[in-house]
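File shown: query.txt (compact mmCIF, C-alpha atoms).
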```
# COMPACT_ATOMS: atom_id res chain seq x y z
CA MET J 54 0.00 0.00 0.00
CA ILE J 55 1.30 3.45 -0.93
CA LYS J 56 1.74 5.67 2.12
CA LEU J 57 1.56 9.46 1.79
CA HIS J 58 3.07 11.58 4.55
CA GLY J 59 1.27 14.90 4.29
CA PHE J 60 -0.81 17.61 5.87
CA TYR J 61 -4.26 18.62 4.77
CA ARG J 62 -3.45 22.19 3.79
CA SER J 63 0.16 21.79 2.64
CA SER J 64 0.07 22.75 -1.06
CA ALA J 65 2.65 20.17 -2.00
CA SER J 66 0.69 17.41 -0.23
CA TYR J 67 -2.50 18.59 -1.95
CA ARG J 68 -0.81 18.39 -5.40
CA THR J 69 0.31 14.87 -4.67
CA ARG J 70 -3.15 13.77 -3.52
CA ILE J 71 -4.64 15.05 -6.80
CA ALA J 72 -2.05 13.08 -8.78
CA LEU J 73 -2.71 9.87 -6.84
CA ASN J 74 -6.45 10.33 -7.38
CA LEU J 75 -6.13 11.05 -11.10
CA LYS J 76 -4.03 7.89 -11.45
CA GLY J 77 -6.68 5.94 -9.54
CA LEU J 78 -4.19 4.77 -6.92
CA ALA J 79 -5.25 3.82 -3.41
CA TYR J 80 -3.09 5.24 -0.64
CA GLN J 81 -2.93 5.59 3.10
CA THR J 82 -2.34 9.04 4.60
CA VAL J 83 -0.06 9.77 7.55
CA ALA J 84 -0.75 13.28 8.82
CA HIS J 85 2.04 15.50 10.21
CA ASP J 86 0.76 18.78 11.63
CA LEU J 87 2.83 21.62 10.18
CA THR J 88 1.40 24.02 12.75
CA THR J 89 2.89 22.08 15.69
CA GLY J 90 6.20 21.26 14.01
CA ALA J 91 5.42 17.54 13.69
CA HIS J 92 7.31 17.53 10.38
CA ARG J 93 10.52 18.41 12.29
CA ALA J 94 10.14 15.57 14.81
CA PRO J 95 13.05 13.06 14.82
CA GLY J 96 10.83 10.21 13.65
CA TYR J 97 9.80 12.06 10.52
CA LEU J 98 13.32 13.38 9.87
CA GLU J 99 14.39 9.74 9.62
CA ILE J 100 11.91 9.40 6.78
CA ASN J 101 12.65 12.76 5.14
CA PRO J 102 15.83 14.51 6.34
CA GLN J 103 14.60 17.76 4.79
CA GLY J 104 11.67 17.78 7.21
CA LEU J 105 9.19 18.78 4.54
CA LEU J 106 5.94 17.33 3.26
CA PRO J 107 5.03 15.30 1.35
CA ALA J 108 6.99 12.06 1.37
CA LEU J 109 5.70 8.97 -0.41
CA GLU J 110 6.53 5.47 0.77
CA VAL J 111 6.30 3.17 -2.22
CA GLU J 112 8.10 0.06 -3.50
CA GLY J 113 10.24 0.00 -0.35
CA ALA J 114 11.59 3.49 -1.02
CA VAL J 115 10.82 6.97 0.31
CA LEU J 116 10.28 9.62 -2.35
CA THR J 117 10.32 13.33 -1.56
CA GLN J 118 9.51 16.58 -3.40
CA SER J 119 6.05 16.67 -4.93
CA GLY J 120 7.33 17.33 -8.46
CA ALA J 121 9.60 14.29 -8.34
CA ILE J 122 6.84 12.16 -6.82
CA ILE J 123 4.37 13.13 -9.54
CA GLU J 124 6.89 12.42 -12.32
CA TYR J 125 7.46 9.01 -10.72
CA LEU J 126 3.71 8.31 -10.68
CA GLU J 127 3.54 9.39 -14.33
CA GLU J 128 6.32 6.97 -15.29
CA ARG J 129 4.98 4.02 -13.33
CA HIS J 130 1.31 4.60 -14.13
CA PRO J 131 1.21 6.38 -17.50
CA ASN J 132 -2.59 6.40 -17.82
CA PRO J 133 -4.27 8.78 -17.69
CA PRO J 134 -1.27 10.96 -18.62
CA LEU J 135 -0.47 14.09 -16.64
CA LEU J 136 1.93 15.29 -19.34
CA PRO J 137 1.34 15.63 -23.09
CA ALA J 138 3.28 13.37 -25.46
CA ASP J 139 5.24 16.03 -27.37
CA PRO J 140 8.51 17.22 -25.75
CA LEU J 141 7.84 20.93 -26.43
CA GLN J 142 4.38 20.64 -24.92
CA ARG J 143 5.71 18.69 -21.96
CA ALA J 144 8.18 21.51 -21.39
CA ARG J 145 5.33 24.03 -21.38
CA VAL J 146 3.35 22.05 -18.81
CA ARG J 147 6.39 21.50 -16.60
CA ALA J 148 7.27 25.21 -16.80
CA LEU J 149 3.78 26.19 -15.61
CA PHE J 150 4.12 23.74 -12.73
CA GLN J 151 7.57 25.05 -11.81
CA LEU J 152 6.42 28.67 -11.93
CA ILE J 153 4.29 27.66 -8.94
CA ALA J 154 6.50 25.03 -7.30
CA ALA J 155 9.84 26.82 -7.66
CA ASP J 156 9.01 30.52 -7.77
CA THR J 157 5.85 30.93 -5.71
CA HIS J 158 5.22 28.24 -3.14
CA HIS J 159 8.22 28.40 -0.80
CA VAL J 160 8.58 32.18 -0.64
CA THR J 161 4.92 32.42 0.44
CA SER J 162 5.08 29.37 2.73
CA MET J 163 4.50 29.02 6.47
CA ARG J 164 8.18 28.56 7.25
CA VAL J 165 9.21 31.71 5.41
CA ALA J 166 6.35 33.56 7.11
CA ALA J 167 7.58 32.29 10.48
CA TYR J 168 11.06 33.71 9.84
CA LEU J 169 9.64 37.09 8.78
CA ARG J 170 7.41 37.23 11.83
CA THR J 171 9.73 35.85 14.49
CA ARG J 172 13.26 36.76 13.54
CA LEU J 173 12.58 39.91 11.51
CA GLU J 174 9.62 41.06 13.63
CA HIS J 175 7.28 41.91 10.81
CA ASN J 176 3.63 42.46 11.56
CA ASP J 177 0.59 40.92 9.89
CA ALA J 178 0.22 43.71 7.34
CA GLU J 179 3.84 43.45 6.21
CA LEU J 180 3.59 39.69 6.02
CA ARG J 181 0.39 39.90 3.99
CA ALA J 182 1.97 42.44 1.61
CA TRP J 183 4.96 40.13 1.13
CA GLN J 184 2.80 37.11 0.34
CA HIS J 185 0.48 39.06 -1.98
CA HIS J 186 3.46 40.55 -3.80
CA TRP J 187 4.91 37.17 -4.79
CA LEU J 188 1.54 35.60 -5.49
CA THR J 189 0.47 38.53 -7.68
CA GLN J 190 3.70 38.48 -9.64
CA SER J 191 3.29 34.77 -10.28
CA PHE J 192 -0.40 34.82 -11.19
CA ASP J 193 0.19 37.79 -13.53
CA ALA J 194 2.74 35.70 -15.43
CA PHE J 195 0.68 32.51 -15.23
CA GLU J 196 -2.34 34.31 -16.69
CA LEU J 197 -0.27 35.68 -19.59
CA LEU J 198 1.23 32.26 -20.28
CA LEU J 199 -2.30 30.85 -20.44
CA THR J 200 -3.89 33.58 -22.56
CA ARG J 201 -1.04 33.84 -25.06
CA ASN J 202 -0.86 30.16 -25.85
CA PRO J 203 -3.48 28.47 -28.05
CA ALA J 204 -2.78 25.12 -26.35
CA THR J 205 -4.65 26.35 -23.27
CA GLY J 206 -8.04 24.67 -23.15
CA ARG J 207 -10.57 23.76 -20.54
CA PHE J 208 -7.52 23.13 -18.37
CA CYS J 209 -4.05 24.73 -18.39
CA HIS J 210 -3.02 22.59 -21.31
CA GLY J 211 -5.74 21.09 -23.44
CA ASN J 212 -8.92 19.51 -22.17
CA ARG J 213 -7.57 17.12 -19.57
CA PRO J 214 -5.88 17.93 -16.28
CA THR J 215 -2.09 17.99 -16.43
CA LEU J 216 0.76 18.60 -14.02
CA ALA J 217 0.20 22.35 -14.54
CA ASP J 218 -3.29 22.17 -13.00
CA LEU J 219 -1.85 20.20 -10.08
CA GLY J 220 0.43 23.13 -9.37
CA LEU J 221 -2.20 25.82 -9.89
CA VAL J 222 -5.18 24.60 -7.87
CA PRO J 223 -3.42 24.21 -4.48
CA GLN J 224 -1.62 27.54 -4.94
CA VAL J 225 -4.93 29.30 -5.62
CA PHE J 226 -6.41 27.64 -2.54
CA ALA J 227 -3.47 28.95 -0.47
CA ALA J 228 -3.76 32.42 -2.03
CA GLN J 229 -7.46 32.63 -1.23
CA ARG J 230 -6.74 31.67 2.38
CA LEU J 231 -4.29 34.59 2.40
CA GLY J 232 -7.05 36.94 1.25
CA LEU J 233 -6.14 37.34 -2.41
CA ASP J 234 -8.98 37.90 -4.90
CA ILE J 235 -8.41 35.48 -7.77
CA GLY J 236 -10.96 37.27 -9.98
CA LYS J 237 -8.14 39.52 -11.14
CA TRP J 238 -6.90 36.60 -13.27
CA PRO J 239 -9.97 35.42 -15.22
CA MET J 240 -8.31 32.56 -17.09
CA VAL J 241 -6.75 31.23 -13.90
CA ALA J 242 -10.13 31.51 -12.15
CA ARG J 243 -11.93 29.73 -14.99
CA ILE J 244 -9.49 26.83 -15.03
CA VAL J 245 -9.55 26.44 -11.26
CA ASP J 246 -13.35 26.26 -11.48
CA ALA J 247 -13.07 23.55 -14.12
CA CYS J 248 -10.72 21.57 -11.89
CA ARG J 249 -13.05 21.90 -8.93
CA ASN J 250 -15.66 20.02 -10.93
CA GLU J 251 -13.40 17.01 -11.20
CA GLU J 252 -13.76 14.17 -8.72
CA ALA J 253 -9.98 13.69 -8.36
CA PHE J 254 -9.57 17.33 -7.30
CA GLN J 255 -12.60 17.24 -5.01
CA GLN J 256 -11.35 14.16 -3.17
CA ALA J 257 -7.93 15.79 -2.69
CA HIS J 258 -9.31 19.04 -1.26
CA PRO J 259 -7.89 20.04 2.15
CA ASP J 260 -11.40 20.08 3.69
CA ARG J 261 -11.64 16.34 3.05
CA HIS J 262 -8.30 15.72 4.79
CA ASN J 263 -8.62 17.98 7.81
CA THR J 264 -8.57 15.59 10.73
CA GLN J 265 -8.03 18.28 13.34
CA MET B 271 20.60 27.35 -33.70
CA ILE B 272 19.49 27.08 -30.07
CA LYS B 273 19.38 30.47 -28.35
CA LEU B 274 19.81 30.74 -24.58
CA HIS B 275 18.60 33.90 -22.86
CA GLY B 276 20.59 34.05 -19.65
CA PHE B 277 22.95 35.91 -17.36
CA TYR B 278 26.40 34.75 -16.39
CA ARG B 279 25.77 34.41 -12.66
CA SER B 280 22.09 33.46 -12.67
CA SER B 281 22.02 29.98 -11.10
CA ALA B 282 19.22 28.81 -13.35
CA SER B 283 21.10 29.96 -16.47
CA TYR B 284 24.25 28.25 -15.20
CA ARG B 285 22.34 24.94 -14.73
CA THR B 286 21.02 25.17 -18.26
CA ARG B 287 24.47 25.87 -19.73
CA ILE B 288 25.86 22.76 -18.01
CA ALA B 289 23.03 20.66 -19.47
CA LEU B 290 23.58 22.01 -22.99
CA ASN B 291 27.31 21.30 -22.67
CA LEU B 292 26.81 17.77 -21.33
CA LYS B 293 24.49 17.07 -24.25
CA GLY B 294 27.10 18.45 -26.65
CA LEU B 295 24.69 21.02 -28.08
CA ALA B 296 25.89 24.25 -29.65
CA TYR B 297 23.99 27.35 -28.61
CA GLN B 298 24.09 31.10 -28.85
CA THR B 299 23.83 33.18 -25.68
CA VAL B 300 21.77 36.35 -25.31
CA ALA B 301 22.77 38.13 -22.10
CA HIS B 302 20.22 40.03 -19.98
CA ASP B 303 21.80 41.87 -17.08
CA LEU B 304 19.85 41.04 -13.91
CA THR B 305 21.59 43.86 -12.05
CA THR B 306 20.16 46.54 -14.36
CA GLY B 307 16.70 44.98 -14.70
CA ALA B 308 17.20 44.03 -18.36
CA HIS B 309 15.11 40.90 -17.71
CA ARG B 310 12.10 43.13 -16.96
CA ALA B 311 12.41 45.13 -20.21
CA PRO B 312 9.35 44.93 -22.52
CA GLY B 313 11.32 43.17 -25.25
CA TYR B 314 12.27 40.31 -22.98
CA LEU B 315 8.83 40.13 -21.37
CA GLU B 316 7.49 39.37 -24.85
CA ILE B 317 9.77 36.33 -24.87
CA ASN B 318 9.18 35.31 -21.24
CA PRO B 319 6.19 36.99 -19.52
CA GLN B 320 7.56 35.90 -16.15
CA GLY B 321 10.62 38.09 -16.69
CA LEU B 322 13.00 35.46 -15.41
CA LEU B 323 16.06 33.75 -16.82
CA PRO B 324 16.71 31.48 -18.55
CA ALA B 325 14.55 31.10 -21.64
CA LEU B 326 15.51 28.77 -24.44
CA GLU B 327 14.52 29.43 -28.05
CA VAL B 328 14.42 26.09 -29.83
CA GLU B 329 12.33 24.45 -32.59
CA GLY B 330 10.39 27.70 -33.04
CA ALA B 331 9.23 27.69 -29.40
CA VAL B 332 10.32 29.50 -26.26
CA LEU B 333 10.88 27.27 -23.23
CA THR B 334 11.14 28.65 -19.71
CA GLN B 335 12.05 27.31 -16.25
CA SER B 336 15.43 25.59 -16.11
CA GLY B 337 13.99 22.31 -14.80
CA ALA B 338 11.53 22.09 -17.69
CA ILE B 339 14.22 23.05 -20.20
CA ILE B 340 16.60 20.38 -18.93
CA GLU B 341 13.88 17.69 -19.02
CA TYR B 342 13.15 18.74 -22.60
CA LEU B 343 16.85 18.41 -23.52
CA GLU B 344 16.89 14.99 -21.87
CA GLU B 345 13.88 13.84 -23.91
CA ARG B 346 15.14 15.21 -27.25
CA HIS B 347 18.79 14.26 -26.73
CA PRO B 348 18.80 11.23 -24.43
CA ASN B 349 22.57 10.65 -24.57
CA PRO B 350 24.43 11.07 -22.35
CA PRO B 351 21.53 10.70 -19.88
CA LEU B 352 21.06 13.21 -17.07
CA LEU B 353 18.60 10.91 -15.31
CA PRO B 354 18.99 7.22 -14.38
CA ALA B 355 16.77 4.67 -16.11
CA ASP B 356 14.88 3.34 -13.06
CA PRO B 357 11.80 5.35 -11.97
CA LEU B 358 12.68 5.24 -8.25
CA GLN B 359 16.20 6.43 -8.98
CA ARG B 360 14.92 9.11 -11.32
CA ALA B 361 12.69 10.31 -8.49
CA ARG B 362 15.69 10.54 -6.17
CA VAL B 363 17.69 12.61 -8.68
CA ARG B 364 14.74 14.91 -9.40
CA ALA B 365 14.11 15.37 -5.67
CA LEU B 366 17.72 16.46 -5.09
CA PHE B 367 17.37 18.92 -7.96
CA GLN B 368 14.08 20.26 -6.63
CA LEU B 369 15.47 20.66 -3.11
CA ILE B 370 17.70 23.29 -4.73
CA ALA B 371 15.42 24.63 -7.47
CA ALA B 372 12.19 24.80 -5.44
CA ASP B 373 13.27 25.23 -1.82
CA THR B 374 16.56 27.10 -1.94
CA HIS B 375 17.14 29.16 -5.05
CA HIS B 376 14.30 31.69 -5.09
CA VAL B 377 14.21 32.48 -1.38
CA THR B 378 17.94 33.33 -1.54
CA SER B 379 17.71 35.10 -4.91
CA MET B 380 18.48 38.69 -5.90
CA ARG B 381 14.82 39.62 -6.27
CA VAL B 382 13.90 38.41 -2.81
CA ALA B 383 16.98 40.17 -1.43
CA ALA B 384 15.86 43.38 -3.17
CA TYR B 385 12.46 43.21 -1.47
CA LEU B 386 14.03 42.63 1.95
CA ARG B 387 16.44 45.50 1.46
CA THR B 388 14.21 48.06 -0.21
CA ARG B 389 10.69 47.49 1.04
CA LEU B 390 11.45 45.96 4.44
CA GLU B 391 14.61 48.04 5.05
CA HIS B 392 16.84 45.23 6.22
CA ASN B 393 20.57 45.81 6.41
CA ASP B 394 23.38 43.72 5.00
CA ALA B 395 23.80 41.64 8.15
CA GLU B 396 20.11 40.73 8.30
CA LEU B 397 20.09 39.91 4.62
CA ARG B 398 23.15 37.74 4.97
CA ALA B 399 21.64 35.90 7.96
CA TRP B 400 18.47 35.26 5.94
CA GLN B 401 20.37 33.84 2.98
CA HIS B 402 22.68 31.73 5.14
CA HIS B 403 19.70 30.37 7.08
CA TRP B 404 17.97 28.95 4.00
CA LEU B 405 21.18 27.78 2.37
CA THR B 406 22.33 26.04 5.55
CA GLN B 407 18.99 24.31 6.02
CA SER B 408 19.11 23.04 2.44
CA PHE B 409 22.72 21.92 2.42
CA ASP B 410 22.21 20.14 5.77
CA ALA B 411 19.42 18.10 4.19
CA PHE B 412 21.26 17.64 0.89
CA GLU B 413 24.32 16.28 2.73
CA LEU B 414 22.18 13.79 4.66
CA LEU B 415 20.40 12.66 1.50
CA LEU B 416 23.82 12.04 -0.06
CA THR B 417 25.47 10.29 2.88
CA ARG B 418 22.50 8.06 3.72
CA ASN B 419 22.03 6.69 0.23
CA PRO B 420 24.39 4.09 -1.22
CA ALA B 421 23.57 5.27 -4.75
CA THR B 422 25.70 8.38 -4.16
CA GLY B 423 28.96 7.98 -6.03
CA ARG B 424 31.57 10.24 -7.51
CA PHE B 425 28.60 12.48 -8.31
CA CYS B 426 25.26 12.96 -6.52
CA HIS B 427 23.90 9.80 -8.10
CA GLY B 428 26.41 7.27 -9.38
CA ASN B 429 29.54 8.06 -11.31
CA ARG B 430 28.18 10.31 -14.02
CA PRO B 431 26.74 13.82 -13.67
CA THR B 432 22.97 13.94 -13.38
CA LEU B 433 20.31 16.59 -13.01
CA ALA B 434 21.09 16.65 -9.26
CA ASP B 435 24.65 17.91 -9.90
CA LEU B 436 23.25 20.56 -12.25
CA GLY B 437 21.23 21.88 -9.34
CA LEU B 438 23.98 21.62 -6.76
CA VAL B 439 26.98 23.22 -8.46
CA PRO B 440 25.41 26.61 -9.31
CA GLN B 441 23.81 26.81 -5.84
CA VAL B 442 27.18 26.20 -4.20
CA PHE B 443 28.74 28.87 -6.42
CA ALA B 444 26.02 31.30 -5.31
CA ALA B 445 26.44 30.30 -1.65
CA GLN B 446 30.19 30.89 -1.77
CA ARG B 447 29.61 34.34 -3.28
CA LEU B 448 27.37 34.98 -0.26
CA GLY B 449 30.22 34.06 2.07
CA LEU B 450 29.14 30.58 3.12
CA ASP B 451 31.86 28.02 3.92
CA ILE B 452 30.96 24.85 2.05
CA GLY B 453 33.51 22.80 4.03
CA LYS B 454 30.79 22.20 6.60
CA TRP B 455 29.21 19.71 4.15
CA PRO B 456 32.07 17.40 3.12
CA MET B 457 30.11 15.21 0.71
CA VAL B 458 28.66 18.25 -1.04
CA ALA B 459 32.14 19.78 -1.25
CA ARG B 460 33.65 16.57 -2.63
CA ILE B 461 31.02 16.23 -5.34
CA VAL B 462 31.26 19.88 -6.35
CA ASP B 463 35.04 19.37 -6.71
CA ALA B 464 34.41 16.34 -8.93
CA CYS B 465 32.06 18.39 -11.10
CA ARG B 466 34.59 21.20 -11.40
CA ASN B 467 36.95 18.76 -13.07
CA GLU B 468 34.46 18.15 -15.86
CA GLU B 469 34.78 20.11 -19.09
CA ALA B 470 31.00 20.65 -19.40
CA PHE B 471 30.90 22.30 -15.98
CA GLN B 472 34.04 24.34 -16.61
CA GLN B 473 32.70 25.73 -19.88
CA ALA B 474 29.44 26.70 -18.17
CA HIS B 475 31.11 28.53 -15.27
CA PRO B 476 29.98 32.16 -14.77
CA ASP B 477 33.54 33.43 -15.17
CA ARG B 478 33.49 32.19 -18.77
CA HIS B 479 30.23 34.03 -19.46
CA ASN B 480 30.86 37.34 -17.75
CA THR B 481 30.82 39.86 -20.59
CA GLN B 482 30.62 42.89 -18.33
```
In structure tokens, how does this file's structure come out?
Amino acid sequence: MIKLHGFYRSSASYRTRIALNLKGLAYQTVAHDLTTGAHRAPGYLEINPQGLLPALEVEGAVLTQSGAIIEYLEERHPNPPLLPADPLQRARVRALFQLIAADTHHVTSMRVAAYLRTRLEHNDAELRAWQHHWLTQSFDAFELLLTRNPATGRFCHGNRPTLADLGLVPQVFAAQRLGLDIGKWPMVARIVDACRNEEAFQQAHPDRHNTQ
Amino acid sequence: MIKLHGFYRSSASYRTRIALNLKGLAYQTVAHDLTTGAHRAPGYLEINPQGLLPALEVEGAVLTQSGAIIEYLEERHPNPPLLPADPLQRARVRALFQLIAADTHHVTSMRVAAYLRTRLEHNDAELRAWQHHWLTQSFDAFELLLTRNPATGRFCHGNRPTLADLGLVPQVFAAQRLGLDIGKWPMVARIVDACRNEEAFQQAHPDRHNTQ
């Protein structure tokens, strides 16, 4: 049985849950509460020395980093595909995912917020401005990359969910929790709505995994 | 002819140059000076709406995000491989890369530093502490992931350079510029030394691409 170490509202865990659902794979969840530092406990650091979520126990190995985990799932379980077949199109989908995973997620994350608040003594307003700044910059670019490219369809790339949607939906969820109005990016908002109609995304939603 | 939009000391451009060199691909460089904001000029935003480096012009398309570009190069030019053949091993190599690309690079980047300095009025010492904090956390984990796994060899994974080394070497270069002593992580230091002996890494080094 696949075991997913995650937390209900960790974006990277949420991405991974969507991928597992789209692939139709059964998995067991092990929750580590990011708000109490459970992900930094010695037992979990034995599993993932980086102390981050998610980690996937599968085939006797521990995989870390959501992007790497999803590529693994794609290789082992190619159907339905989360990447197009053509290399140039695959690069587009991966770039959209990485715009979120590499350039947006961490800088707006809880652990960066904790540093700003605790060590640098920033208040809520400054923290909010920081998070909105990076989110806005990313969604501005994401929207342009969607509107300028005719390959954008019902989803970020074509008419089936791809890796790009797995990056976008959890980041929009996080942004809305941080008070950002997504209506400013109509194509992003439309695609997130389309994803929310899909069973695999619904089943992965943080509200379904909040055991607190 | 492949055209690489980059900057000599941008880590993500540096990664991409190493990949192009390892694949034996000829390319033309277009330099955009990050220190003068050339990457935010309207002409470049037409090429890459995110205003980040690198971008690769190839086959009539523009590819962005170094991770996506390198995966594209791997798919189009499989030899020599930058990823192992086995899916679990591929996941390990991608996770090491993403530890750098997703969790380390941006938060310690020039544009985050600019926000901390300009908008939040932090001084050099605070900025340096911030950068060293995130770099140290990442290299601590990277070192453990290397030492705990028997697949680590002369390079991060086995005895040939992989995607993981392409993430590590530019990040170590950036960390050393920021005054961090890499000797604290002996396995990281050893592997970076091994990479520095390779022609493809030498030719990609920022000092060879500094046209200023």
Tell me, counting only C-alpha atoms, for each residue of chain B within 7 Å of chain J, which pair of atoms is nearest and how far apart they are in Å to one decimal, in rows ordered by chain and increasing number, as a Markdown table.
```
| residue | atom | partner | partner_atom | distance |
| --- | --- | --- | --- | --- |
| B:Pro319 | CA | J:Ala194 | CA | 5.5 |
| B:Gln320 | CA | J:Ala194 | CA | 4.9 |
| B:Leu333 | CA | J:Ala144 | CA | 6.6 |
| B:Thr334 | CA | J:Ala148 | CA | 5.9 |
| B:Gln335 | CA | J:Ala148 | CA | 5.2 |
| B:Ala338 | CA | J:Ala144 | CA | 5.0 |
| B:Ile339 | CA | J:Ala144 | CA | 6.3 |
| B:Tyr342 | CA | J:Pro140 | CA | 5.8 |
| B:Glu345 | CA | J:Pro140 | CA | 6.6 |
| B:Pro357 | CA | J:Tyr125 | CA | 5.8 |
| B:Leu358 | CA | J:Tyr125 | CA | 6.9 |
| B:Ala361 | CA | J:Ala121 | CA | 5.0 |
| B:Arg362 | CA | J:Leu116 | CA | 6.7 |
| B:Arg364 | CA | J:Ala121 | CA | 5.3 |
| B:Ala365 | CA | J:Gln118 | CA | 5.3 |
| B:Gln368 | CA | J:Gln118 | CA | 6.7 |
| B:Ala371 | CA | J:Ala155 | CA | 6.0 |
| B:Ala372 | CA | J:Ala155 | CA | 3.8 |
| B:Asp373 | CA | J:His159 | CA | 6.0 |
| B:His376 | CA | J:Asp156 | CA | 6.0 |
| B:Val377 | CA | J:Val160 | CA | 5.7 |
| B:Ala411 | CA | J:Gln103 | CA | 4.9 |
| B:Leu414 | CA | J:Pro102 | CA | 6.6 |
| B:Leu415 | CA | J:Pro102 | CA | 6.9 |
```
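Of the listed residues J:Asn250, J:Asn212, J:Gln256, J:Asn263, the one whose atoms come nearest to J:Ala84 is J:Asn263, with distances taken using all atoms listed in the file.
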> J:Leu87: which residues within 12 Å, counting all atoms listed in the file, same-chain residues fewer than 5 positions away excluded, as an NGL selection string?
Replying inline: :J and (58-64 or 66 or 92-94 or 97 or 104-107 or 162-164 or 167 or 265)
> Hey, can you check how far atom CA of B:Gly437 sits from atom CA of B:Met457?
Replying inline: 15.0 Å
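Separating atom CA of J:Ala227 from atom CA of B:Glu391 is a distance of 26.9 Å.
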> Taking into account all atoms listed in the file, which residue in the set J:Asp246, J:Leu180, J:Tyr67, J:Ala228 is nearest to J:Arg207?
Replying inline: J:Asp246
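As for atom CA of J:Ala182 and atom CA of J:Phe226, they are spaced 17.5 Å apart.
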> Using all atoms listed in the file, which residues sit within 6 Å of stretch 68-82 of chain J once same-chain residues fewer than 4 positions away are excluded, as number ranges by chain?
Replying inline: J: 55-58, 219, 253-254, 257
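Neighbours of B:Thr432 closer than or equal to 6 Å, with only C-alpha atoms counted and sequence neighbours fewer than 2 positions away skipped, come out as B:Leu352, B:Leu353, B:Ala434, B:Asp435.
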Listed atoms of stretch 96-108 of chain J, axis-aligned box, 3 Å per side: centre and edge lengths to one decimal in Å, as AutoDock Vina command-line options?
```
--center_x 10.4 --center_y 14.1 --center_z 7.5 --size_x 16.8 --size_y 15.4 --size_z 18.3
```
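Using only C-alpha atoms, the shortest contact distance between B:Gln401 and any of B:Ala421, B:Val442, B:Ala464, B:Leu448 is found at B:Leu448.
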